[in-house]
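Since the structure comes first, as structure tokens, the remarks are kept for the end.
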Amino acid sequence: MKHWLVKSEPFKYSWEKFVKDKKAVWDGVRNYAARNNMRAMKKGDLVFFYHSNEGLEIVGIAKVIKEAYQDPTTEDTAWSVVDIAPFKALKRPVTLAEIKADEQLEGIELVRLSRLSVASLKTAEFNRILALSETKA
């Protein structure tokens, strides 16, 4: 199993709305690196849900429920989507400031490639964020 992180601005699509919807098509990604990350996602992979711009914190865990397929919002075959579903809210959100201050998260893509909307995480990074959030997956 691999681990991932997706970003959403809470005023556009919040964790609360995601939980209410029970699942989402993660569409509209127009960055090749982010698209490639989505194409690498497998059913059952765990995905951190990060509130960007407002909040700047990881708030929950989603699960990939459908692997990459053609983005239905465009006819351009260069773009893909995945379907994700809420898995668990974090007991305590983990802020970007905490992540930047943690030596164990020094190379995390969230910081290193800050504009990337879909990032990969190493298992150790995923587990460290879980520990910081006081949550068990």
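Residue numbers start at 1 in each chain; chains themselves are named A, B, ... in the order of the structure tokens; ligands are numbered from 1 in the order shown.
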
Shell around Ser133 in chain A at 12 Å using only C-alpha atoms, local window under 5 positions removed, as a ChimeraX atom specification:
/A:48,57-61,88-95,98-99,126-128

Who sits within 9 Å of Ala78 in chain A, only C-alpha atoms, same chain under 3 positions skipped, as a list in words
Tyr32, Arg35, Gln70, Asp71 and Glu75 of chain A

Return as a tab-separated table the residues of range 44-131 of chain A lying at most 9 Å from range 4-20 of chain A, together with the closest atom-to-atom pair for each and the distance in Å to one decimal, counting only C-alpha atoms, with rows in chain order and ascending residue number.
residue	atom	partner	partner_atom	distance
A:Asp45	CA	A:Trp4	CA	7.7
A:Leu46	CA	A:Trp4	CA	6.4
A:Val47	CA	A:Trp4	CA	4.5
A:Phe48	CA	A:Leu5	CA	4.5
A:Phe49	CA	A:Val6	CA	5.3
A:Tyr50	CA	A:Lys7	CA	4.7
A:His51	CA	A:Ser8	CA	5.3
A:Ser52	CA	A:Glu9	CA	4.9
A:Asn53	CA	A:Glu9	CA	6.0
A:Glu54	CA	A:Glu9	CA	6.6
A:Gly55	CA	A:Pro10	CA	8.0
A:Ile58	CA	A:Leu5	CA	8.7
A:Val59	CA	A:Trp15	CA	7.1
A:Gly60	CA	A:Trp15	CA	7.1
A:Ile61	CA	A:Leu5	CA	8.8
A:Ala85	CA	A:Phe18	CA	7.8
A:Pro86	CA	A:Val19	CA	5.8
A:Phe87	CA	A:Val19	CA	8.8
A:Ala89	CA	A:Trp15	CA	8.5
A:Leu110	CA	A:Leu5	CA	8.0
A:Leu116	CA	A:Lys7	CA	8.3
A:Ser117	CA	A:Lys7	CA	5.2
A:Val118	CA	A:Val6	CA	4.6
A:Ala119	CA	A:Leu5	CA	5.1
A:Ser120	CA	A:Trp4	CA	4.5
A:Leu121	CA	A:Trp4	CA	5.2
A:Lys122	CA	A:Trp4	CA	8.3
A:Phe126	CA	A:Trp4	CA	8.2

Would you mind listing what lies within 7 Å of Ala68 in chain A as a PyMOL selection string, with only C-alpha atoms counted and same-chain residues fewer than 2 positions away left out?
chain A and resi 38-39+66+80-82

For Tyr69 in chain A, which residue among A:Arg112, A:Lys2, A:Gly44, A:Trp26 is the nearest when counting only C-alpha atoms?
A:Trp26

What residues in range 78-110 of chain A get the DSSP label strand (DSSP E or B)? Please answer as a ChimeraX atom specification.
/A:80-95

Counting only C-alpha atoms, the option among A:Leu113, A:Ile129, A:Ala62, A:Ala137 closest to Ala34 in chain A:
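Of A:Leu113, A:Ile129, A:Ala62, A:Ala137, the one nearest Ala34 in chain A, counting only C-alpha atoms, is A:Leu113.
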
Top pick for closest residue to Thr123 in chain A, considering A:Thr135, A:Ile108, A:Ile84, A:Met41 and counting only C-alpha atoms:
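Residue with the minimum atom-to-atom distance to Thr123 in chain A: A:Ile108.
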